[in-house]
$ cat start18.cif   # mmCIF, C-alpha atoms and all ligand atoms
data_coords
#
loop_
_atom_site.label_atom_id
_atom_site.label_comp_id
_atom_site.auth_asym_id
_atom_site.auth_seq_id
_atom_site.Cartn_x
_atom_site.Cartn_y
_atom_site.Cartn_z
CA MET V 8 89.04 102.21 99.20
CA ARG V 9 87.37 105.42 100.28
CA ILE V 10 89.18 108.49 98.99
CA LEU V 11 88.92 111.97 100.47
CA VAL V 12 90.39 114.77 98.34
CA PHE V 13 91.91 117.99 99.74
CA ALA V 14 92.10 120.90 97.27
CA SER V 15 92.63 124.66 97.19
CA GLY V 16 92.11 125.71 93.59
CA ARG V 17 91.02 124.90 90.08
CA GLY V 18 90.35 121.23 90.86
CA SER V 19 91.38 119.68 87.54
CA ASN V 20 93.08 116.77 89.33
CA PHE V 21 90.01 116.26 91.50
CA GLU V 22 87.84 116.22 88.38
CA ALA V 23 90.16 113.76 86.62
CA LEU V 24 89.98 111.44 89.65
CA LEU V 25 86.18 111.67 89.67
CA ASN V 26 86.02 110.85 85.95
CA ALA V 27 88.38 107.92 86.37
CA SER V 28 86.33 106.63 89.29
CA SER V 29 83.05 106.80 87.36
CA ARG V 30 84.68 104.98 84.40
CA GLY V 31 85.98 102.28 86.78
CA VAL V 32 89.61 103.07 85.88
CA LEU V 33 90.25 104.29 89.41
CA LYS V 34 89.47 101.30 91.59
CA SER V 35 88.38 103.42 94.54
CA LYS V 36 85.47 105.66 95.46
CA ILE V 37 85.71 109.40 96.06
CA VAL V 38 83.65 110.12 99.16
CA GLY V 39 84.30 113.82 99.74
CA LEU V 40 86.25 117.01 99.26
CA VAL V 41 87.83 119.28 101.86
CA CYS V 42 88.98 122.77 100.86
CA ASP V 43 90.73 125.54 102.76
CA ARG V 44 88.97 128.27 100.76
CA ASP V 45 86.20 128.90 98.24
CA CYS V 46 87.53 127.56 94.98
CA ASN V 47 86.55 125.95 91.71
CA ALA V 48 87.05 122.44 93.14
CA ILE V 49 83.86 123.04 95.18
CA GLU V 50 81.89 123.78 92.01
CA ILE V 51 83.12 120.45 90.61
CA ALA V 52 82.03 118.68 93.81
CA LYS V 53 78.56 120.27 93.59
CA LYS V 54 78.19 119.29 89.92
CA ASN V 55 79.11 115.70 90.74
CA LYS V 56 77.07 115.55 93.98
CA ILE V 57 80.15 114.91 96.10
CA PRO V 58 79.87 116.05 99.75
CA PHE V 59 82.32 118.81 100.61
CA SER V 60 83.56 120.87 103.56
CA ILE V 61 85.32 124.21 103.70
CA LEU V 62 87.68 124.77 106.59
CA ARG V 63 89.50 128.11 106.60
CA PRO V 64 92.44 128.26 109.03
CA LYS V 65 92.00 132.01 109.33
CA ASP V 66 88.56 131.49 110.91
CA TYR V 67 90.26 130.00 113.98
CA ALA V 68 91.99 132.19 116.55
CA GLU V 69 93.68 129.09 118.03
CA LYS V 70 95.64 126.86 115.66
CA ASN V 71 94.87 123.85 117.88
CA ASN V 72 91.14 124.31 117.40
CA TYR V 73 91.61 124.44 113.65
CA ILE V 74 93.62 121.20 113.73
CA LYS V 75 91.03 119.47 115.94
CA GLU V 76 88.29 120.51 113.53
CA LEU V 77 90.33 119.36 110.53
CA ILE V 78 90.80 115.93 112.15
CA SER V 79 87.13 115.74 113.06
CA ILE V 80 85.87 116.72 109.59
CA THR V 81 88.34 114.37 107.93
CA GLY V 82 87.19 111.52 110.20
CA SER V 83 83.56 112.19 109.36
CA TYR V 84 84.25 110.95 105.81
CA SER V 85 85.91 107.72 107.11
CA PRO V 86 88.58 107.86 104.42
CA ASP V 87 91.05 105.06 103.72
CA ILE V 88 93.33 107.52 101.95
CA ILE V 89 93.54 111.26 101.54
CA LEU V 90 94.70 112.75 98.24
CA LEU V 91 96.08 116.26 98.09
CA ALA V 92 95.15 117.71 94.70
CA GLY V 93 96.57 121.21 94.60
CA TYR V 94 96.12 121.62 98.38
CA MET V 95 98.53 124.38 99.25
CA ARG V 96 99.10 123.76 102.96
CA ILE V 97 101.47 121.76 105.13
CA ILE V 98 99.60 118.85 106.71
CA PRO V 99 99.70 119.12 110.53
CA SER V 100 101.58 116.28 112.22
CA GLU V 101 98.45 115.45 114.25
CA LEU V 102 96.65 114.53 111.02
CA LEU V 103 99.68 112.56 109.83
CA ASP V 104 99.56 110.59 113.09
CA GLU V 105 95.91 109.74 112.45
CA TYR V 106 96.56 108.64 108.87
CA PRO V 107 100.11 107.24 108.67
CA LEU V 108 101.10 106.60 105.03
CA LYS V 109 97.55 107.34 103.99
CA ILE V 110 98.07 110.91 102.77
CA ILE V 111 99.38 111.34 99.23
CA ASN V 112 100.32 114.40 97.20
CA ILE V 113 100.87 115.17 93.53
CA HIS V 114 103.43 117.79 92.56
CA PRO V 115 104.28 119.11 89.08
CA SER V 116 108.06 118.64 89.13
CA LEU V 117 110.67 115.94 89.52
CA LEU V 118 111.02 116.19 93.30
CA PRO V 119 113.20 117.07 95.13
CA LEU V 120 113.56 119.77 92.45
CA PHE V 121 111.25 122.81 92.40
CA LYS V 122 109.18 122.39 95.55
CA GLY V 123 106.36 124.77 96.48
CA LYS V 124 104.21 127.05 94.37
CA ASP V 125 104.47 127.47 90.58
CA ALA V 126 106.75 124.48 90.17
CA ILE V 127 106.15 124.32 86.41
CA LYS V 128 107.24 127.92 85.96
CA GLN V 129 110.17 127.40 88.33
CA ALA V 130 111.39 124.59 86.07
CA TRP V 131 110.78 126.68 82.93
CA ASP V 132 112.68 129.68 84.39
CA ALA V 133 115.55 127.42 85.41
CA GLY V 134 115.90 126.37 81.75
CA VAL V 135 115.92 122.62 82.44
CA LYS V 136 115.58 120.22 79.49
CA GLU V 137 113.21 117.92 81.31
CA THR V 138 110.87 118.16 84.21
CA GLY V 139 107.88 116.02 85.24
CA VAL V 140 105.41 114.95 87.87
CA THR V 141 105.84 113.24 91.25
CA VAL V 142 103.30 111.41 93.40
CA HIS V 143 104.52 110.85 96.96
CA PHE V 144 103.48 110.03 100.51
CA VAL V 145 103.14 113.20 102.57
CA ASN V 146 105.25 114.01 105.61
CA ASP V 147 105.41 117.19 107.69
CA ARG V 148 107.63 119.02 105.18
CA MET V 149 106.46 120.71 101.99
CA ASP V 150 106.45 118.49 98.89
CA ASP V 151 108.56 115.86 100.62
CA GLY V 152 108.20 112.18 101.50
CA LEU V 153 108.61 108.74 99.96
CA ILE V 154 108.11 108.84 96.19
CA ILE V 155 105.52 106.43 94.81
CA LEU V 156 105.74 107.34 91.12
CA GLN V 157 107.69 109.86 89.08
CA LYS V 158 107.47 110.52 85.33
CA LYS V 159 109.40 112.83 83.06
CA VAL V 160 108.32 115.36 80.43
CA ALA V 161 110.74 116.86 77.88
CA VAL V 162 110.41 120.65 78.02
CA PRO V 163 108.66 121.90 74.82
CA ASN V 164 108.94 125.35 73.17
CA SER V 165 106.59 127.35 75.35
CA LEU V 166 105.54 127.53 78.99
CA GLU V 167 101.88 127.09 77.96
CA GLU V 168 102.68 123.82 76.18
CA LEU V 169 104.68 122.64 79.17
CA GLU V 170 101.82 123.41 81.55
CA HIS V 171 99.41 121.55 79.29
CA GLU V 172 101.64 118.48 79.03
CA ILE V 173 102.27 118.38 82.78
CA HIS V 174 98.56 118.57 83.61
CA VAL V 175 97.66 115.84 81.10
CA LEU V 176 100.31 113.64 82.68
CA GLU V 177 99.15 114.49 86.23
CA HIS V 178 95.59 113.46 85.48
CA LYS V 179 96.68 110.01 84.28
CA MET V 180 99.43 109.51 86.80
CA TYR V 181 97.43 110.23 89.93
CA VAL V 182 95.00 107.46 89.02
CA GLU V 183 97.85 105.04 88.32
CA ALA V 184 99.58 105.87 91.63
CA VAL V 185 96.42 105.51 93.69
CA ASN V 186 95.67 102.14 92.11
CA LEU V 187 99.21 101.02 92.97
CA VAL V 188 98.92 102.16 96.57
CA SER V 189 95.54 100.55 97.06
CA ASP V 190 97.05 97.23 95.99
CA LEU V 191 100.42 97.39 97.76
CA PHE V 192 102.05 94.31 99.20
CA ILE V 193 103.50 95.27 102.58
CA VAL V 194 106.53 93.79 104.31
CA VAL V 195 107.18 94.93 107.89
CA SER V 196 109.81 93.98 110.48
CA LYS V 197 107.97 92.22 113.29
CA CYS V 198 109.78 94.09 116.05
CA LEU V 199 108.34 97.40 114.77
CA ILE V 200 104.83 96.37 115.63
CA GLY V 201 105.84 95.34 119.12
CA GLU V 202 106.67 91.66 118.75
CA ASN V 203 109.28 90.74 121.28
CA ILE V 204 112.00 89.41 119.05
CA ARG V 205 115.04 91.66 118.95
CA TYR V 206 118.42 90.46 120.13
CA ASP V 207 118.03 92.34 123.40
CA GLY V 208 114.58 90.84 123.83
CA SER V 209 112.86 94.23 123.74
CA ASN V 210 110.53 95.55 121.10
CA LYS V 211 110.36 98.81 119.18
CA LEU V 212 106.63 99.40 118.89
CA SER V 213 105.97 102.28 116.55
CA LYS V 214 102.39 103.48 116.99
CA ARG V 215 102.24 104.86 113.46
CA ILE V 216 103.46 101.62 111.89
CA TYR V 217 101.17 99.54 114.10
CA LYS V 218 98.21 101.66 113.06
CA TYR V 219 99.17 101.48 109.41
CA VAL V 220 99.72 97.72 109.40
CA ASN V 221 96.46 97.06 111.23
CA GLY V 222 94.56 98.68 108.39
CA TYR V 223 96.14 96.21 105.95
CA ARG V 224 96.45 93.00 108.00
CA THR V 225 95.60 90.65 105.16
CA GLU V 226 98.17 91.82 102.60
CA CYS V 227 100.92 92.31 105.13
CA LEU V 228 103.90 90.02 105.63
CA LEU V 229 105.49 90.44 109.07
CA VAL V 230 109.09 89.32 109.00
CA CYS V 231 112.06 88.64 111.20
CA PRO V 232 114.80 86.91 109.19
CA GLU V 233 116.71 86.15 112.40
CA VAL V 234 113.87 84.24 114.03
CA LEU V 235 113.21 82.46 110.73
CA ALA V 236 116.86 81.44 110.66
CA GLY V 237 116.37 79.90 114.12
CA LEU V 238 118.62 82.31 116.00
CA GLY V 239 116.40 82.36 119.07
CA VAL V 240 114.64 85.10 121.01
CA PRO V 241 116.51 87.01 122.20
CA ARG V 242 119.44 86.15 119.97
CA SER V 243 123.01 87.03 120.76
CA LYS V 244 124.65 89.97 119.01
CA ILE V 245 125.58 89.72 115.33
CA ASN V 246 128.54 91.65 113.92
CA ILE V 247 129.00 92.59 110.29
CA ILE V 248 132.56 91.84 109.26
CA ASN V 249 133.48 92.36 105.59
CA THR V 250 129.80 92.02 104.57
CA ARG V 251 129.55 88.66 106.45
CA LEU V 252 127.21 88.24 109.42
CA ILE V 253 129.19 86.75 112.29
CA SER V 254 127.76 85.72 115.68
CA GLU V 255 129.55 86.71 118.89
CA ASP V 256 130.98 83.21 119.20
CA GLY V 257 132.41 83.45 115.67
CA VAL V 258 129.84 81.48 113.66
CA ASP V 259 129.31 82.74 110.06
CA LEU V 260 125.52 83.14 109.72
CA THR V 261 125.53 84.71 106.26
CA ASP V 262 124.41 81.71 104.24
CA VAL V 263 121.63 80.64 106.56
CA MET V 264 120.36 84.23 106.71
CA LYS V 265 120.50 84.49 102.91
CA ARG V 266 118.33 81.39 102.64
CA THR V 267 115.72 82.81 105.03
CA CYS V 268 115.66 86.14 103.16
CA LYS V 269 115.16 84.18 99.95
CA ASP V 270 112.20 82.37 101.57
CA ILE V 271 110.70 85.73 102.49
CA ILE V 272 111.14 87.08 98.96
CA GLU V 273 109.44 83.99 97.51
CA LYS V 274 106.28 84.91 99.42
CA ILE V 275 106.04 88.25 97.59
CA PRO V 276 103.68 88.28 94.58
CA GLN V 277 105.39 88.82 91.21
CA ASN V 278 103.29 91.72 89.95
CA LYS V 279 102.72 93.96 92.96
CA MET V 280 104.38 97.10 94.20
CA VAL V 281 106.00 96.35 97.56
CA LEU V 282 106.25 98.71 100.51
CA ALA V 283 108.87 97.50 102.97
CA ILE V 284 109.01 99.15 106.41
CA LEU V 285 112.08 97.73 108.04
CA LYS V 286 113.89 98.05 111.34
CA ASP V 287 116.86 100.30 110.79
CA LYS V 288 120.47 99.53 111.74
CA SER V 289 119.94 95.80 111.86
CA PRO V 290 122.15 93.14 110.28
CA SER V 291 119.11 91.40 108.83
CA CYS V 292 116.61 94.18 108.01
CA GLY V 293 118.42 97.57 108.32
CA LYS V 294 117.96 100.11 105.55
CA THR V 295 120.97 102.28 106.35
CA GLU V 296 124.48 101.34 107.44
CA PRO V 297 125.02 98.63 108.44
CA GLN V 298 122.79 97.72 105.52
CA GLY V 299 120.82 94.56 106.25
CA LEU V 300 120.78 91.48 104.09
CA LEU V 301 117.03 91.58 103.49
CA VAL V 302 117.19 95.16 102.23
CA SER V 303 119.90 94.44 99.71
CA MET V 304 118.18 91.26 98.50
CA LEU V 305 114.80 93.04 98.20
CA ARG V 306 116.46 95.84 96.20
CA GLU V 307 118.11 93.41 93.84
CA HIS V 308 114.97 91.33 93.36
CA LEU V 309 112.27 94.00 93.16
CA LYS V 310 114.13 96.96 91.60
CA ASP V 311 111.49 99.61 90.67
CA ARG V 312 108.74 97.68 92.45
CA LEU V 313 110.23 98.44 95.90
CA LEU V 314 109.21 101.37 98.12
CA LEU V 315 111.48 101.34 101.12
CA LEU V 316 111.16 103.02 104.51
CA SER V 317 112.86 102.62 107.84
CA GLU V 318 111.00 103.04 111.11
CA THR V 319 112.16 106.63 111.50
CA GLU V 320 110.64 107.71 108.20
CA ILE V 321 106.98 106.83 108.75
C1 LIG V 401 98.57 120.76 90.21
O1 LIG V 401 99.48 121.01 89.18
C2 LIG V 401 99.26 120.11 91.38
O2 LIG V 401 100.27 119.22 91.01
C3 LIG V 401 99.83 121.30 92.09
O3 LIG V 401 98.79 122.24 92.05
C4 LIG V 401 98.07 122.06 90.83
C5 LIG V 401 96.60 121.99 91.15
O4 LIG V 401 95.85 121.99 89.99
N1 LIG V 401 100.24 120.98 93.41
C6 LIG V 401 101.29 121.52 94.00
O5 LIG V 401 101.99 122.39 93.50
C7 LIG V 401 101.61 120.98 95.39
N2 LIG V 401 102.78 121.58 95.89
P1 LIG V 401 94.34 121.55 90.02
O6 LIG V 401 93.68 122.39 91.11
O7 LIG V 401 93.81 121.90 88.68
O8 LIG V 401 94.29 120.09 90.32
#

$ encode --input "start18.cif" --output "structure tokens"
Amino acid sequence: MRILVFASGRGSNFEALLNASSRGVLKSKIVGLVCDRDCNAIEIAKKNKIPFSILRPKDYAEKNNYIKELISITGSYSPDIILLAGYMRIIPSELLDEYPLKIINIHPSLLPLFKGKDAIKQAWDAGVKETGVTVHFVNDRMDDGLIILQKKVAVPNSLEELEHEIHVLEHKMYVEAVNLVSDLFIVVSKCLIGENIRYDGSNKLSKRIYKYVNGYRTECLLVCPEVLAGLGVPRSKINIINTRLISEDGVDLTDVMKRTCKDIIEKIPQNKMVLAILKDKSPSCGKTEPQGLLVSMLREHLKDRLLLLSETEI
């Protein structure tokens, strides 16, 4: 995978990623650095002969022109993923559209606690007994989005010690998280990439999901438990009654659907982190109420190995 790093400051996470990449611990290549100001991260890039770009929003009278340039410069590095390493800006939604689930951030707290600047000091001032580090997919809100990895640190006796411990952890954890993401096993509801299989016969093409899945075709399992169970396309409506799935003509489909979900789960490798992007509000897939059968079985089977999103969250 080709990694592009965005940074605004000291660059210790950038440097740790570079070191891990040259030792082969990070199984991806760092192809460039983009900064929003002159900062130490650029010196690190120069020392390591990594191409870099500086793009200062304040140099642009029109925000749109800045965003266009940001997209163009980012594209010039052809990145597979973008890592924010102390990049202190909200990512514009236009860039998120270009790189769905490909932009990742590291933050020095146990999110959702202590978002924003000086998170380590915020935790210290709040007097918490433990804090930590979070690596997460980026969305259009600050320090928000699906959590990939989170680790705790017990708060020691001084702020300086806490800062040191957090940074040591960050440098290891970012590498671990990026390796996990570059080797994800992906499960996606077929209807979300436009396959015509929902009960009303229509599809729910999500451009972002389609784009994301296309980049990962080979490791991606496209699923529709209802079609697998032989319910036909389009199928008739299914009602959830006391956790049972009942067809409109009163047939209890729960057991047959459980078997098909089990077949799907058997196709998932034992040792991989799984990202499931599932059609919401569906008796088979649905993440939220009514919670689908596949979601609950994936949760039970995969536990910590499951990253779960519905179509509205990507
Ligand atoms: C890191 O602690 C990183 O987690 C934090 O900025 C620091 C950058 O240090 N990021 C955020 O607070 C994001 N909201 P570095 O420049 O030495 O890597």

$ residues_near_ligand --input "start18.cif" --ligand "ligand LIG 401 (chain V)" --cutoff "7 Å" --atoms "all atoms listed in the file" --output "VMD selection string"
chain V and resid 14 to 21 48 92 to 95 112 to 115 122 to 126 150 174 177

$ atom_distance --input "start18.cif" --atom1 "atom CA of V:Leu40" --atom2 "atom CA of V:Val182"
16.5 Å

$ closest_residue --input "start18.cif" --among "V:His143, V:Arg44, V:Arg215, V:Arg306" --to "V:Cys268" --atoms "only C-alpha atoms"
V:Arg306

$ atom_distance --input "start18.cif" --atom1 "atom CA of V:Phe59" --atom2 "atom CA of V:Cys42"
7.8 Å

$ residues_around --input "start18.cif" --residues "stretch 269-283 of chain V" --least-positions-apart "6" --cutoff "9 Å" --atoms "all atoms listed in the file" --output "list in words"
Leu187, Val188, Asp190, Leu191, Phe192, Ile193, Val194, Val195, Ser196, Leu228, Val230, Pro232, Leu301, Val302, Met304, Leu305, His308, Leu309, Asp311, Arg312, Leu313, Leu314, Leu315, Leu316 and Ser317 of chain V

$ closest_residue --input "start18.cif" --among "V:Ile78, V:Leu108, V:Ile253, V:Ile57" --to "V:Gly222" --atoms "only C-alpha atoms"
V:Leu108

$ decode --input "start18.cif" --residues "stretch 138-241 of chain V" --atoms "C-alpha atoms" --output "PDB file, in the first residue's frame"
ATOM      1  CA  THR V 138      -6.171   7.742  29.278  1.00  0.00           C
ATOM      2  CA  GLY V 139      -4.710   6.380  26.032  1.00  0.00           C
ATOM      3  CA  VAL V 140      -4.468   6.503  22.275  1.00  0.00           C
ATOM      4  CA  THR V 141      -7.060   5.998  19.530  1.00  0.00           C
ATOM      5  CA  VAL V 142      -6.581   5.257  15.834  1.00  0.00           C
ATOM      6  CA  HIS V 143      -9.750   5.812  13.803  1.00  0.00           C
ATOM      7  CA  PHE V 144     -11.160   6.341  10.318  1.00  0.00           C
ATOM      8  CA  VAL V 145     -11.709  10.033   9.652  1.00  0.00           C
ATOM      9  CA  ASN V 146     -15.082  11.612   8.980  1.00  0.00           C
ATOM     10  CA  ASP V 147     -16.040  15.267   8.595  1.00  0.00           C
ATOM     11  CA  ARG V 148     -16.045  15.918  12.359  1.00  0.00           C
ATOM     12  CA  MET V 149     -12.995  16.545  14.512  1.00  0.00           C
ATOM     13  CA  ASP V 150     -11.419  13.421  16.042  1.00  0.00           C
ATOM     14  CA  ASP V 151     -14.474  11.334  15.211  1.00  0.00           C
ATOM     15  CA  GLY V 152     -15.199   8.222  13.152  1.00  0.00           C
ATOM     16  CA  LEU V 153     -15.053   4.443  13.403  1.00  0.00           C
ATOM     17  CA  ILE V 154     -12.392   3.314  15.879  1.00  0.00           C
ATOM     18  CA  ILE V 155      -9.836   0.852  14.533  1.00  0.00           C
ATOM     19  CA  LEU V 156      -7.681   0.441  17.638  1.00  0.00           C
ATOM     20  CA  GLN V 157      -7.670   1.922  21.123  1.00  0.00           C
ATOM     21  CA  LYS V 158      -5.166   1.295  23.927  1.00  0.00           C
ATOM     22  CA  LYS V 159      -5.026   2.509  27.504  1.00  0.00           C
ATOM     23  CA  VAL V 160      -2.264   4.100  29.582  1.00  0.00           C
ATOM     24  CA  ALA V 161      -2.453   4.399  33.387  1.00  0.00           C
ATOM     25  CA  VAL V 162      -1.780   8.032  34.312  1.00  0.00           C
ATOM     26  CA  PRO V 163       1.685   8.298  35.993  1.00  0.00           C
ATOM     27  CA  ASN V 164       2.908  10.950  38.485  1.00  0.00           C
ATOM     28  CA  SER V 165       3.723  13.790  36.122  1.00  0.00           C
ATOM     29  CA  LEU V 166       2.397  15.284  32.903  1.00  0.00           C
ATOM     30  CA  GLU V 167       5.846  14.891  31.295  1.00  0.00           C
ATOM     31  CA  GLU V 168       5.853  11.145  32.007  1.00  0.00           C
ATOM     32  CA  LEU V 169       2.322  10.849  30.657  1.00  0.00           C
ATOM     33  CA  GLU V 170       3.260  12.652  27.446  1.00  0.00           C
ATOM     34  CA  HIS V 171       6.273  10.391  27.025  1.00  0.00           C
ATOM     35  CA  GLU V 172       4.264   7.205  27.568  1.00  0.00           C
ATOM     36  CA  ILE V 173       1.512   8.315  25.191  1.00  0.00           C
ATOM     37  CA  HIS V 174       3.973   9.140  22.410  1.00  0.00           C
ATOM     38  CA  VAL V 175       5.822   5.822  22.804  1.00  0.00           C
ATOM     39  CA  LEU V 176       2.487   4.036  22.541  1.00  0.00           C
ATOM     40  CA  GLU V 177       1.396   6.136  19.532  1.00  0.00           C
ATOM     41  CA  HIS V 178       4.520   5.274  17.592  1.00  0.00           C
ATOM     42  CA  LYS V 179       3.925   1.535  18.004  1.00  0.00           C
ATOM     43  CA  MET V 180       0.171   1.637  17.667  1.00  0.00           C
ATOM     44  CA  TYR V 181      -0.020   3.565  14.413  1.00  0.00           C
ATOM     45  CA  VAL V 182       2.077   0.901  12.710  1.00  0.00           C
ATOM     46  CA  GLU V 183      -0.077  -1.881  14.152  1.00  0.00           C
ATOM     47  CA  ALA V 184      -3.309  -0.160  13.068  1.00  0.00           C
ATOM     48  CA  VAL V 185      -2.095   0.511   9.537  1.00  0.00           C
ATOM     49  CA  ASN V 186      -1.001  -3.107   9.142  1.00  0.00           C
ATOM     50  CA  LEU V 187      -4.465  -4.214  10.292  1.00  0.00           C
ATOM     51  CA  VAL V 188      -6.234  -1.902   7.867  1.00  0.00           C
ATOM     52  CA  SER V 189      -4.069  -2.920   4.948  1.00  0.00           C
ATOM     53  CA  ASP V 190      -5.062  -6.531   5.556  1.00  0.00           C
ATOM     54  CA  LEU V 191      -8.765  -6.123   6.364  1.00  0.00           C
ATOM     55  CA  PHE V 192     -11.323  -8.684   5.295  1.00  0.00           C
ATOM     56  CA  ILE V 193     -14.358  -6.785   4.033  1.00  0.00           C
ATOM     57  CA  VAL V 194     -17.985  -7.889   4.119  1.00  0.00           C
ATOM     58  CA  VAL V 195     -20.496  -5.683   2.287  1.00  0.00           C
ATOM     59  CA  SER V 196     -24.243  -5.962   1.686  1.00  0.00           C
ATOM     60  CA  LYS V 197     -24.707  -6.484  -2.042  1.00  0.00           C
ATOM     61  CA  CYS V 198     -27.541  -3.980  -2.339  1.00  0.00           C
ATOM     62  CA  LEU V 199     -25.201  -1.170  -1.207  1.00  0.00           C
ATOM     63  CA  ILE V 200     -23.075  -1.497  -4.293  1.00  0.00           C
ATOM     64  CA  GLY V 201     -26.102  -1.385  -6.549  1.00  0.00           C
ATOM     65  CA  GLU V 202     -27.017  -5.040  -6.982  1.00  0.00           C
ATOM     66  CA  ASN V 203     -30.719  -5.310  -7.537  1.00  0.00           C
ATOM     67  CA  ILE V 204     -31.707  -7.574  -4.702  1.00  0.00           C
ATOM     68  CA  ARG V 205     -33.755  -5.802  -2.066  1.00  0.00           C
ATOM     69  CA  TYR V 206     -37.292  -6.861  -1.265  1.00  0.00           C
ATOM     70  CA  ASP V 207     -38.690  -3.961  -3.272  1.00  0.00           C
ATOM     71  CA  GLY V 208     -36.413  -4.882  -6.155  1.00  0.00           C
ATOM     72  CA  SER V 209     -34.553  -1.564  -6.026  1.00  0.00           C
ATOM     73  CA  ASN V 210     -30.960  -0.986  -5.090  1.00  0.00           C
ATOM     74  CA  LYS V 211     -29.250   1.435  -2.742  1.00  0.00           C
ATOM     75  CA  LEU V 212     -26.054   2.258  -4.591  1.00  0.00           C
ATOM     76  CA  SER V 213     -23.750   4.232  -2.352  1.00  0.00           C
ATOM     77  CA  LYS V 214     -21.031   5.861  -4.447  1.00  0.00           C
ATOM     78  CA  ARG V 215     -18.612   5.978  -1.528  1.00  0.00           C
ATOM     79  CA  ILE V 216     -19.062   2.291  -0.698  1.00  0.00           C
ATOM     80  CA  TYR V 217     -18.855   1.314  -4.366  1.00  0.00           C
ATOM     81  CA  LYS V 218     -15.608   3.241  -4.713  1.00  0.00           C
ATOM     82  CA  TYR V 219     -14.207   1.750  -1.537  1.00  0.00           C
ATOM     83  CA  VAL V 220     -15.134  -1.822  -2.418  1.00  0.00           C
ATOM     84  CA  ASN V 221     -13.734  -1.502  -5.931  1.00  0.00           C
ATOM     85  CA  GLY V 222     -10.325  -0.760  -4.488  1.00  0.00           C
ATOM     86  CA  TYR V 223     -10.438  -4.046  -2.566  1.00  0.00           C
ATOM     87  CA  ARG V 224     -12.329  -6.391  -4.911  1.00  0.00           C
ATOM     88  CA  THR V 225     -10.267  -9.466  -4.123  1.00  0.00           C
ATOM     89  CA  GLU V 226     -10.617  -9.485  -0.331  1.00  0.00           C
ATOM     90  CA  CYS V 227     -14.235  -8.451  -0.344  1.00  0.00           C
ATOM     91  CA  LEU V 228     -17.193 -10.719   0.352  1.00  0.00           C
ATOM     92  CA  LEU V 229     -20.453  -9.325  -1.048  1.00  0.00           C
ATOM     93  CA  VAL V 230     -23.406 -10.751   0.815  1.00  0.00           C
ATOM     94  CA  CYS V 231     -27.157 -10.946   0.792  1.00  0.00           C
ATOM     95  CA  PRO V 232     -28.349 -13.505   3.348  1.00  0.00           C
ATOM     96  CA  GLU V 233     -31.872 -13.327   1.919  1.00  0.00           C
ATOM     97  CA  VAL V 234     -30.859 -14.292  -1.608  1.00  0.00           C
ATOM     98  CA  LEU V 235     -28.596 -17.002  -0.181  1.00  0.00           C
ATOM     99  CA  ALA V 236     -31.575 -18.342   1.738  1.00  0.00           C
ATOM    100  CA  GLY V 237     -33.463 -18.573  -1.567  1.00  0.00           C
ATOM    101  CA  LEU V 238     -36.047 -15.904  -0.790  1.00  0.00           C
ATOM    102  CA  GLY V 239     -36.126 -14.603  -4.354  1.00  0.00           C
ATOM    103  CA  VAL V 240     -35.540 -11.212  -5.934  1.00  0.00           C
ATOM    104  CA  PRO V 241     -37.469  -9.202  -5.046  1.00  0.00           C
TER     105      PRO V 241
END
